>>> print(open('work20.pdb').read())   # PDB, C-alpha atoms
ATOM      1  CA  GLU R   1      65.972  92.173 202.099  1.00  0.00           C
ATOM      2  CA  LYS R   2      66.595  95.458 203.931  1.00  0.00           C
ATOM      3  CA  THR R   3      69.934  96.347 205.501  1.00  0.00           C
ATOM      4  CA  MET R   4      71.550  99.415 206.977  1.00  0.00           C
ATOM      5  CA  PHE R   5      74.912 100.300 208.461  1.00  0.00           C
ATOM      6  CA  GLU R   6      75.489 102.331 211.630  1.00  0.00           C
ATOM      7  CA  SER R   7      78.963 103.469 212.609  1.00  0.00           C
ATOM      8  CA  LYS R   8      78.577 102.367 216.253  1.00  0.00           C
ATOM      9  CA  LEU R   9      76.520  99.186 215.825  1.00  0.00           C
ATOM     10  CA  GLY R  10      77.614  97.943 212.400  1.00  0.00           C
ATOM     11  CA  TRP R  11      75.275  96.191 209.963  1.00  0.00           C
ATOM     12  CA  LYS R  12      71.608  95.828 210.884  1.00  0.00           C
ATOM     13  CA  TYR R  13      68.953  93.782 209.104  1.00  0.00           C
ATOM     14  CA  PHE R  14      65.187  94.255 208.876  1.00  0.00           C
ATOM     15  CA  VAL R  15      63.686  90.993 210.122  1.00  0.00           C
ATOM     16  CA  HIS R  16      60.244  89.490 209.528  1.00  0.00           C
ATOM     17  CA  TYR R  17      59.269  86.500 211.690  1.00  0.00           C
ATOM     18  CA  MET R  18      57.337  83.917 209.685  1.00  0.00           C
ATOM     19  CA  GLY R  19      53.918  83.303 211.202  1.00  0.00           C
ATOM     20  CA  TRP R  20      53.974  86.589 213.145  1.00  0.00           C
ATOM     21  CA  ASN R  21      52.129  89.805 212.373  1.00  0.00           C
ATOM     22  CA  LYS R  22      54.147  92.396 210.416  1.00  0.00           C
ATOM     23  CA  LYS R  23      53.898  94.754 213.391  1.00  0.00           C
ATOM     24  CA  TYR R  24      56.614  92.606 215.006  1.00  0.00           C
ATOM     25  CA  ASP R  25      59.096  93.270 212.174  1.00  0.00           C
ATOM     26  CA  GLU R  26      62.199  95.050 213.437  1.00  0.00           C
ATOM     27  CA  TRP R  27      65.782  96.074 212.790  1.00  0.00           C
ATOM     28  CA  MET R  28      68.301  93.746 214.474  1.00  0.00           C
ATOM     29  CA  GLN R  29      72.088  93.729 214.770  1.00  0.00           C
ATOM     30  CA  TYR R  30      73.963  91.063 212.850  1.00  0.00           C
ATOM     31  CA  ALA R  31      75.260  89.504 216.104  1.00  0.00           C
ATOM     32  CA  SER R  32      71.668  88.882 217.228  1.00  0.00           C
ATOM     33  CA  LEU R  33      70.682  86.920 214.128  1.00  0.00           C
ATOM     34  CA  LYS R  34      70.529  83.141 214.033  1.00  0.00           C
ATOM     35  CA  LYS R  35      70.738  81.283 210.724  1.00  0.00           C
ATOM     36  CA  PHE R  36      67.562  79.333 209.990  1.00  0.00           C
ATOM     37  CA  ASP R  37      68.119  75.672 209.192  1.00  0.00           C
ATOM     38  CA  GLU R  38      65.371  74.291 206.942  1.00  0.00           C
ATOM     39  CA  SER R  39      66.296  70.740 207.899  1.00  0.00           C
ATOM     40  CA  VAL R  40      65.014  71.219 211.451  1.00  0.00           C
ATOM     41  CA  LYS R  41      61.641  72.628 210.396  1.00  0.00           C
ATOM     42  CA  ILE R  42      59.599  69.748 211.693  1.00  0.00           C
ATOM     43  CA  THR R  43      56.803  69.233 214.185  1.00  0.00           C
ATOM     44  CA  LYS R  44      57.362  67.162 217.298  1.00  0.00           C
ATOM     45  CA  PRO R  45      55.397  63.886 216.994  1.00  0.00           C
ATOM     46  CA  THR R  46      52.360  63.175 219.164  1.00  0.00           C
ATOM     47  CA  ARG R  47      51.198  59.909 220.601  1.00  0.00           C
ATOM     48  CA  ALA R  48      48.832  59.513 217.646  1.00  0.00           C
ATOM     49  CA  ASN R  49      51.661  59.142 215.134  1.00  0.00           C
ATOM     50  CA  GLN R  50      54.127  57.241 217.300  1.00  0.00           C
ATOM     51  CA  GLY R  51      53.505  53.684 216.089  1.00  0.00           C
ATOM     52  CA  GLY R  52      55.421  50.498 216.745  1.00  0.00           C
ATOM     53  CA  GLY R  53      58.143  48.846 214.722  1.00  0.00           C
ATOM     54  CA  GLN R  54      61.853  49.409 214.429  1.00  0.00           C
ATOM     55  CA  GLN R  55      61.529  51.786 211.479  1.00  0.00           C
ATOM     56  CA  LYS R  56      58.993  53.988 213.254  1.00  0.00           C
ATOM     57  CA  LYS R  57      61.117  54.014 216.419  1.00  0.00           C
ATOM     58  CA  ARG R  58      64.126  55.090 214.385  1.00  0.00           C
ATOM     59  CA  ARG R  59      62.091  57.823 212.693  1.00  0.00           C
ATOM     60  CA  LYS R  60      60.781  59.039 216.066  1.00  0.00           C
ATOM     61  CA  THR R  61      64.345  59.344 217.361  1.00  0.00           C
ATOM     62  CA  GLU R  62      65.394  61.316 214.291  1.00  0.00           C
ATOM     63  CA  VAL R  63      62.405  63.651 214.598  1.00  0.00           C
ATOM     64  CA  ASP R  64      63.010  64.221 218.315  1.00  0.00           C
ATOM     65  CA  GLU R  65      66.665  65.036 217.652  1.00  0.00           C
ATOM     66  CA  ASP R  66      65.718  67.554 214.938  1.00  0.00           C
ATOM     67  CA  TYR R  67      63.154  69.139 217.243  1.00  0.00           C
ATOM     68  CA  ASP R  68      65.694  69.397 220.053  1.00  0.00           C
ATOM     69  CA  ILE R  69      68.058  71.204 217.679  1.00  0.00           C
ATOM     70  CA  MET R  70      65.308  73.614 216.686  1.00  0.00           C
ATOM     71  CA  VAL R  71      64.533  74.687 220.259  1.00  0.00           C
ATOM     72  CA  LYS R  72      68.133  74.729 221.493  1.00  0.00           C
ATOM     73  CA  ILE R  73      69.474  78.136 222.524  1.00  0.00           C
ATOM     74  CA  PRO R  74      73.268  78.215 221.949  1.00  0.00           C
ATOM     75  CA  LEU R  75      75.242  79.903 224.708  1.00  0.00           C
ATOM     76  CA  PRO R  76      78.299  82.071 223.957  1.00  0.00           C
ATOM     77  CA  THR R  77      81.643  80.673 225.146  1.00  0.00           C
ATOM     78  CA  LEU R  78      81.839  83.319 227.875  1.00  0.00           C
ATOM     79  CA  LEU R  79      78.593  82.124 229.478  1.00  0.00           C
ATOM     80  CA  LYS R  80      79.543  78.454 229.105  1.00  0.00           C
ATOM     81  CA  ASN R  81      82.806  79.143 230.909  1.00  0.00           C
ATOM     82  CA  LYS R  82      80.918  80.927 233.677  1.00  0.00           C
ATOM     83  CA  LEU R  83      78.645  77.913 234.118  1.00  0.00           C
ATOM     84  CA  VAL R  84      81.599  75.546 234.395  1.00  0.00           C
ATOM     85  CA  ALA R  85      83.351  77.813 236.902  1.00  0.00           C
ATOM     86  CA  GLU R  86      80.153  78.070 238.976  1.00  0.00           C
ATOM     87  CA  TRP R  87      79.686  74.310 239.056  1.00  0.00           C
ATOM     88  CA  ASP R  88      83.264  73.789 240.175  1.00  0.00           C
ATOM     89  CA  ALA R  89      83.117  76.485 242.867  1.00  0.00           C
ATOM     90  CA  ILE R  90      79.774  75.308 244.248  1.00  0.00           C
ATOM     91  CA  THR R  91      80.080  71.510 244.082  1.00  0.00           C
ATOM     92  CA  ARG R  92      83.813  71.107 244.708  1.00  0.00           C
ATOM     93  CA  GLU R  93      84.874  74.120 246.727  1.00  0.00           C
ATOM     94  CA  GLY R  94      81.719  74.583 248.795  1.00  0.00           C
ATOM     95  CA  LYS R  95      81.203  78.206 247.741  1.00  0.00           C
ATOM     96  CA  LEU R  96      77.881  79.955 247.205  1.00  0.00           C
ATOM     97  CA  ILE R  97      76.741  82.861 245.083  1.00  0.00           C
ATOM     98  CA  PRO R  98      76.027  85.819 247.410  1.00  0.00           C
ATOM     99  CA  LEU R  99      72.265  86.225 247.813  1.00  0.00           C
ATOM    100  CA  PRO R 100      70.050  88.150 247.744  1.00  0.00           C
ATOM    101  CA  LYS R 101      71.479  90.126 244.860  1.00  0.00           C
ATOM    102  CA  LYS R 102      72.027  93.761 245.763  1.00  0.00           C
ATOM    103  CA  GLU R 103      71.707  94.782 242.124  1.00  0.00           C
ATOM    104  CA  TYR R 104      71.022  93.164 238.771  1.00  0.00           C
ATOM    105  CA  THR R 105      68.456  90.657 239.912  1.00  0.00           C
ATOM    106  CA  VAL R 106      66.725  88.603 237.232  1.00  0.00           C
ATOM    107  CA  ALA R 107      63.840  91.078 237.227  1.00  0.00           C
ATOM    108  CA  GLN R 108      66.207  94.043 236.863  1.00  0.00           C
ATOM    109  CA  ILE R 109      68.212  92.419 234.057  1.00  0.00           C
ATOM    110  CA  LEU R 110      65.068  91.747 232.041  1.00  0.00           C
ATOM    111  CA  GLU R 111      63.819  95.274 232.699  1.00  0.00           C
ATOM    112  CA  GLU R 112      67.086  96.691 231.383  1.00  0.00           C
ATOM    113  CA  PHE R 113      66.658  94.626 228.249  1.00  0.00           C
ATOM    114  CA  ASN R 114      63.103  95.950 227.835  1.00  0.00           C
ATOM    115  CA  ASP R 115      64.451  99.492 228.112  1.00  0.00           C
ATOM    116  CA  LEU R 116      67.061  98.691 225.466  1.00  0.00           C
ATOM    117  CA  VAL R 117      64.407  97.579 222.958  1.00  0.00           C
ATOM    118  CA  ASP R 118      62.067 100.455 223.930  1.00  0.00           C
ATOM    119  CA  ARG R 119      59.521  97.943 225.221  1.00  0.00           C
ATOM    120  CA  ARG R 120      58.425  97.102 221.687  1.00  0.00           C
ATOM    121  CA  GLU R 121      56.013  94.205 221.328  1.00  0.00           C
ATOM    122  CA  PRO R 122      56.347  91.307 221.827  1.00  0.00           C
ATOM    123  CA  TRP R 123      59.406  91.831 224.085  1.00  0.00           C
ATOM    124  CA  PRO R 124      57.485  92.630 227.314  1.00  0.00           C
ATOM    125  CA  GLU R 125      55.427  89.463 226.825  1.00  0.00           C
ATOM    126  CA  ILE R 126      58.581  87.397 226.305  1.00  0.00           C
ATOM    127  CA  THR R 127      60.398  88.802 229.344  1.00  0.00           C
ATOM    128  CA  ASP R 128      57.269  88.357 231.478  1.00  0.00           C
ATOM    129  CA  GLY R 129      57.228  84.737 230.378  1.00  0.00           C
ATOM    130  CA  LEU R 130      60.885  84.325 231.337  1.00  0.00           C
ATOM    131  CA  ARG R 131      60.201  85.758 234.785  1.00  0.00           C
ATOM    132  CA  THR R 132      57.300  83.340 235.242  1.00  0.00           C
ATOM    133  CA  TYR R 133      59.352  80.350 234.117  1.00  0.00           C
ATOM    134  CA  PHE R 134      62.201  81.410 236.393  1.00  0.00           C
ATOM    135  CA  ASN R 135      59.993  81.739 239.458  1.00  0.00           C
ATOM    136  CA  LYS R 136      58.309  78.391 238.841  1.00  0.00           C
ATOM    137  CA  THR R 137      61.354  76.317 237.885  1.00  0.00           C
ATOM    138  CA  LEU R 138      64.091  77.628 240.177  1.00  0.00           C
ATOM    139  CA  LYS R 139      63.741  75.071 242.967  1.00  0.00           C
ATOM    140  CA  ALA R 140      62.920  72.155 240.678  1.00  0.00           C
ATOM    141  CA  MET R 141      65.410  72.705 237.853  1.00  0.00           C
ATOM    142  CA  LEU R 142      67.919  75.505 238.449  1.00  0.00           C
ATOM    143  CA  LEU R 143      69.600  74.727 241.771  1.00  0.00           C
ATOM    144  CA  TYR R 144      72.503  72.470 242.682  1.00  0.00           C
ATOM    145  CA  PRO R 145      71.880  70.358 245.809  1.00  0.00           C
ATOM    146  CA  GLU R 146      74.425  72.503 247.651  1.00  0.00           C
ATOM    147  CA  GLU R 147      72.276  75.590 247.014  1.00  0.00           C
ATOM    148  CA  ARG R 148      68.969  74.305 248.376  1.00  0.00           C
ATOM    149  CA  LYS R 149      69.500  75.308 251.995  1.00  0.00           C
ATOM    150  CA  GLN R 150      70.492  78.820 250.937  1.00  0.00           C
ATOM    151  CA  SER R 151      67.386  78.984 248.751  1.00  0.00           C
ATOM    152  CA  GLU R 152      65.081  78.205 251.673  1.00  0.00           C
ATOM    153  CA  GLU R 153      66.657  81.046 253.650  1.00  0.00           C
ATOM    154  CA  VAL R 154      66.635  83.758 250.982  1.00  0.00           C
ATOM    155  CA  LEU R 155      63.104  83.001 249.743  1.00  0.00           C
ATOM    156  CA  LYS R 156      61.414  83.315 253.127  1.00  0.00           C
ATOM    157  CA  ASN R 157      58.342  85.502 253.553  1.00  0.00           C
ATOM    158  CA  GLY R 158      57.070  84.961 250.042  1.00  0.00           C
ATOM    159  CA  LYS R 159      59.963  86.554 248.183  1.00  0.00           C
ATOM    160  CA  LEU R 160      60.032  85.799 244.467  1.00  0.00           C
ATOM    161  CA  PRO R 161      63.166  84.210 242.972  1.00  0.00           C
ATOM    162  CA  GLN R 162      63.269  86.916 240.279  1.00  0.00           C
ATOM    163  CA  ASP R 163      63.913  89.518 243.002  1.00  0.00           C
ATOM    164  CA  VAL R 164      66.579  87.508 244.814  1.00  0.00           C
ATOM    165  CA  TYR R 165      68.637  85.683 242.183  1.00  0.00           C
ATOM    166  CA  GLY R 166      70.709  87.061 239.339  1.00  0.00           C
ATOM    167  CA  VAL R 167      72.395  86.289 236.057  1.00  0.00           C
ATOM    168  CA  GLU R 168      74.007  83.036 237.200  1.00  0.00           C
ATOM    169  CA  HIS R 169      70.683  81.249 237.611  1.00  0.00           C
ATOM    170  CA  LEU R 170      69.024  83.078 234.720  1.00  0.00           C
ATOM    171  CA  VAL R 171      71.606  81.586 232.344  1.00  0.00           C
ATOM    172  CA  ARG R 172      70.798  78.146 233.737  1.00  0.00           C
ATOM    173  CA  LEU R 173      67.177  78.752 232.725  1.00  0.00           C
ATOM    174  CA  PHE R 174      68.224  79.216 229.098  1.00  0.00           C
ATOM    175  CA  LEU R 175      69.848  75.786 229.274  1.00  0.00           C
ATOM    176  CA  LYS R 176      66.586  74.274 230.517  1.00  0.00           C
ATOM    177  CA  LEU R 177      64.210  76.067 228.138  1.00  0.00           C
ATOM    178  CA  PRO R 178      64.533  73.400 225.416  1.00  0.00           C
ATOM    179  CA  ASP R 179      62.928  71.001 227.917  1.00  0.00           C
ATOM    180  CA  ILE R 180      60.101  73.464 228.578  1.00  0.00           C
ATOM    181  CA  LEU R 181      59.261  75.013 225.201  1.00  0.00           C
ATOM    182  CA  PRO R 182      57.838  71.825 223.617  1.00  0.00           C
ATOM    183  CA  PHE R 183      54.996  71.995 226.152  1.00  0.00           C
ATOM    184  CA  THR R 184      53.875  75.462 225.043  1.00  0.00           C
ATOM    185  CA  ASN R 185      51.019  75.997 222.596  1.00  0.00           C
ATOM    186  CA  LEU R 186      53.213  77.717 220.002  1.00  0.00           C
ATOM    187  CA  ASP R 187      53.158  76.489 216.433  1.00  0.00           C
ATOM    188  CA  GLU R 188      56.430  75.630 214.756  1.00  0.00           C
ATOM    189  CA  GLU R 189      57.071  78.982 213.056  1.00  0.00           C
ATOM    190  CA  SER R 190      56.255  80.930 216.211  1.00  0.00           C
ATOM    191  CA  LEU R 191      58.585  78.681 218.186  1.00  0.00           C
ATOM    192  CA  VAL R 192      61.450  79.333 215.756  1.00  0.00           C
ATOM    193  CA  ALA R 193      60.795  83.085 216.052  1.00  0.00           C
ATOM    194  CA  LEU R 194      60.739  82.880 219.847  1.00  0.00           C
ATOM    195  CA  VAL R 195      64.059  81.016 219.978  1.00  0.00           C
ATOM    196  CA  ALA R 196      65.645  83.718 217.791  1.00  0.00           C
ATOM    197  CA  ARG R 197      64.400  86.396 220.159  1.00  0.00           C
ATOM    198  CA  LEU R 198      65.607  84.518 223.224  1.00  0.00           C
ATOM    199  CA  GLN R 199      69.017  84.376 221.571  1.00  0.00           C
ATOM    200  CA  SER R 200      68.984  88.183 221.480  1.00  0.00           C
ATOM    201  CA  ILE R 201      68.482  88.259 225.247  1.00  0.00           C
ATOM    202  CA  VAL R 202      71.360  85.810 225.696  1.00  0.00           C
ATOM    203  CA  THR R 203      73.567  88.116 223.611  1.00  0.00           C
ATOM    204  CA  PHE R 204      72.532  91.062 225.792  1.00  0.00           C
ATOM    205  CA  ILE R 205      73.536  89.109 228.914  1.00  0.00           C
ATOM    206  CA  LYS R 206      76.888  88.203 227.399  1.00  0.00           C
ATOM    207  CA  ASP R 207      77.614  91.808 226.401  1.00  0.00           C
ATOM    208  CA  ASN R 208      76.901  92.998 229.954  1.00  0.00           C
ATOM    209  CA  GLY R 209      78.432  90.071 231.814  1.00  0.00           C
ATOM    210  CA  ASN R 210      81.061  92.153 233.601  1.00  0.00           C
ATOM    211  CA  ALA R 211      78.331  94.191 235.285  1.00  0.00           C
ATOM    212  CA  PHE R 212      75.863  91.375 235.940  1.00  0.00           C
ATOM    213  CA  TYR R 213      78.155  88.740 237.479  1.00  0.00           C
ATOM    214  CA  THR R 214      79.455  88.917 241.048  1.00  0.00           C
ATOM    215  CA  ASP R 215      82.213  87.074 242.891  1.00  0.00           C
ATOM    216  CA  PHE R 216      81.557  84.054 245.096  1.00  0.00           C
ATOM    217  CA  GLU R 217      81.404  84.156 248.884  1.00  0.00           C
TER     218      GLU R 217
END
>>> encode(input="work20.pdb", output="structure tokens")
Amino acid sequence: EKTMFESKLGWKYFVHYMGWNKKYDEWMQYASLKKFDESVKITKPTRANQGGGQQKKRRKTEVDEDYDIMVKIPLPTLLKNKLVAEWDAITREGKLIPLPKKEYTVAQILEEFNDLVDRREPWPEITDGLRTYFNKTLKAMLLYPEERKQSEEVLKNGKLPQDVYGVEHLVRLFLKLPDILPFTNLDEESLVALVARLQSIVTFIKDNGNAFYTDFE
């Protein structure tokens, strides 16, 4: 176990991701670390091993719940509060987030994170994946009904959501990722490593929330 202390950043730990090449080892701040829970190290069942019977159904439910815990990305209280305030403003007060974003679009936020980590592998691949997921899932998963008309207007002429929307909808993506990740081809250890890295991006968003968020119209 390797550790070091920096006066500005505090304790840092040298992390190895099980199932990943050693070239991905890196120093990470304590706040970015997520405790690994051995009890959730389990593979999601396939149709082949989902038999009948009450006992098997009960086991399937337990396995699914453990898997859901494994891929869940906890949000800091600050971001949870922002989500609640957004929902209230949009669905109850009829407000909308000003779009297109003049600065700190989803693409720009992820680029700033890449700059922060010096574009070390596999960060560019991860942020590229987030951009792709964002562009493909925005209309289907990340909008409230009240936002759909605005979306049609701001995404005219082939504009990509990543260049129009900002942190508010990016955070919603992190809520939806547990529904998406099980359909990737990652093995269990790689999935655990990916979730830990996504948590680092969430922490980055939280730490820069004052700059990224804007007021409602």
>>> closest_residue(input="work20.pdb", among="R:Glu147, R:Lys159, R:Asn210, R:Val164", to="R:Glu86", atoms="all atoms listed in the file")
R:Glu147
>>> resolve_selection(input="work20.pdb", expression="the PyMOL selection byres ((chain R and resi 72-85) around 9)", output="ChimeraX atom specification")
/R:67-71,86-90,168,171-172,174-175,177-178,195-196,198-199,202-203,205-206,209
>>> atom_distance(input="work20.pdb", atom1="atom CA of R:Phe212", atom2="atom CA of R:Tyr104")
5.9 Å
>>> residues_around(input="work20.pdb", residues="R:Asn135", least_positions_apart="3", cutoff="6 Å", atoms="only C-alpha atoms", output="PyMOL selection string")
chain R and resi 132+138+161
>>> resolve_selection(input="work20.pdb", expression="the PyMOL selection byres ((chain R and resi 142-146) around 9)", output="PyMOL selection string")
chain R and resi 87+90-91+94-96+134+137-141+147-151+169-170+172-173+176
>>> write_last_selection(input="work20.pdb", atoms="C-alpha atoms", output="short mmCIF file (atom, residue, chain, number, x, y, z; two decimals), keeping the file's coordinate frame")
data_model
loop_
_atom_site.label_atom_id
_atom_site.label_comp_id
_atom_site.auth_asym_id
_atom_site.auth_seq_id
_atom_site.Cartn_x
_atom_site.Cartn_y
_atom_site.Cartn_z
CA TRP R 87 79.69 74.31 239.06
CA ILE R 90 79.77 75.31 244.25
CA THR R 91 80.08 71.51 244.08
CA GLY R 94 81.72 74.58 248.80
CA LYS R 95 81.20 78.21 247.74
CA LEU R 96 77.88 79.96 247.20
CA PHE R 134 62.20 81.41 236.39
CA THR R 137 61.35 76.32 237.88
CA LEU R 138 64.09 77.63 240.18
CA LYS R 139 63.74 75.07 242.97
CA ALA R 140 62.92 72.16 240.68
CA MET R 141 65.41 72.70 237.85
CA GLU R 147 72.28 75.59 247.01
CA ARG R 148 68.97 74.31 248.38
CA LYS R 149 69.50 75.31 252.00
CA GLN R 150 70.49 78.82 250.94
CA SER R 151 67.39 78.98 248.75
CA HIS R 169 70.68 81.25 237.61
CA LEU R 170 69.02 83.08 234.72
CA ARG R 172 70.80 78.15 233.74
CA LEU R 173 67.18 78.75 232.72
CA LYS R 176 66.59 74.27 230.52
#
>>> atom_distance(input="work20.pdb", atom1="atom CA of R:Leu194", atom2="atom CA of R:Gly129")
11.3 Å
>>> decode(input="work20.pdb", residues="stretch 127-142 of chain R", atoms="N, CA and C atoms", output="compact mmCIF listing (two decimals), in the first residue's frame")
# COMPACT_ATOMS: atom_id res chain seq x y z
N THR R 127 -14.34 9.49 -20.75
CA THR R 127 -15.09 10.72 -21.03
C THR R 127 -15.71 10.70 -22.42
N ASP R 128 -15.04 10.06 -23.39
CA ASP R 128 -15.65 9.91 -24.71
C ASP R 128 -16.91 9.05 -24.61
N GLY R 129 -16.84 8.01 -23.78
CA GLY R 129 -18.00 7.17 -23.58
C GLY R 129 -19.15 7.93 -22.94
N LEU R 130 -18.83 8.80 -21.97
CA LEU R 130 -19.87 9.60 -21.33
C LEU R 130 -20.53 10.55 -22.33
N ARG R 131 -19.72 11.16 -23.20
CA ARG R 131 -20.28 12.04 -24.22
C ARG R 131 -21.23 11.27 -25.14
N THR R 132 -20.80 10.07 -25.53
CA THR R 132 -21.65 9.25 -26.41
C THR R 132 -22.95 8.87 -25.74
N TYR R 133 -22.87 8.41 -24.50
CA TYR R 133 -24.08 8.06 -23.75
C TYR R 133 -24.99 9.27 -23.61
N PHE R 134 -24.40 10.43 -23.33
CA PHE R 134 -25.20 11.64 -23.14
C PHE R 134 -25.95 11.99 -24.42
N ASN R 135 -25.25 11.98 -25.54
CA ASN R 135 -25.87 12.34 -26.81
C ASN R 135 -27.00 11.38 -27.19
N LYS R 136 -26.81 10.10 -26.86
CA LYS R 136 -27.78 9.09 -27.28
C LYS R 136 -28.98 8.97 -26.32
N THR R 137 -28.78 9.33 -25.06
CA THR R 137 -29.85 9.11 -24.08
C THR R 137 -30.59 10.37 -23.66
N LEU R 138 -30.13 11.53 -24.08
CA LEU R 138 -30.74 12.77 -23.60
C LEU R 138 -32.25 12.77 -23.78
N LYS R 139 -32.71 12.62 -25.03
CA LYS R 139 -34.14 12.73 -25.30
C LYS R 139 -34.95 11.59 -24.67
N ALA R 140 -34.36 10.42 -24.59
CA ALA R 140 -35.10 9.26 -24.10
C ALA R 140 -35.12 9.15 -22.58
N MET R 141 -34.06 9.65 -21.90
CA MET R 141 -33.92 9.36 -20.49
C MET R 141 -33.65 10.57 -19.59
N LEU R 142 -33.20 11.68 -20.15
CA LEU R 142 -32.67 12.76 -19.31
C LEU R 142 -33.53 14.02 -19.28
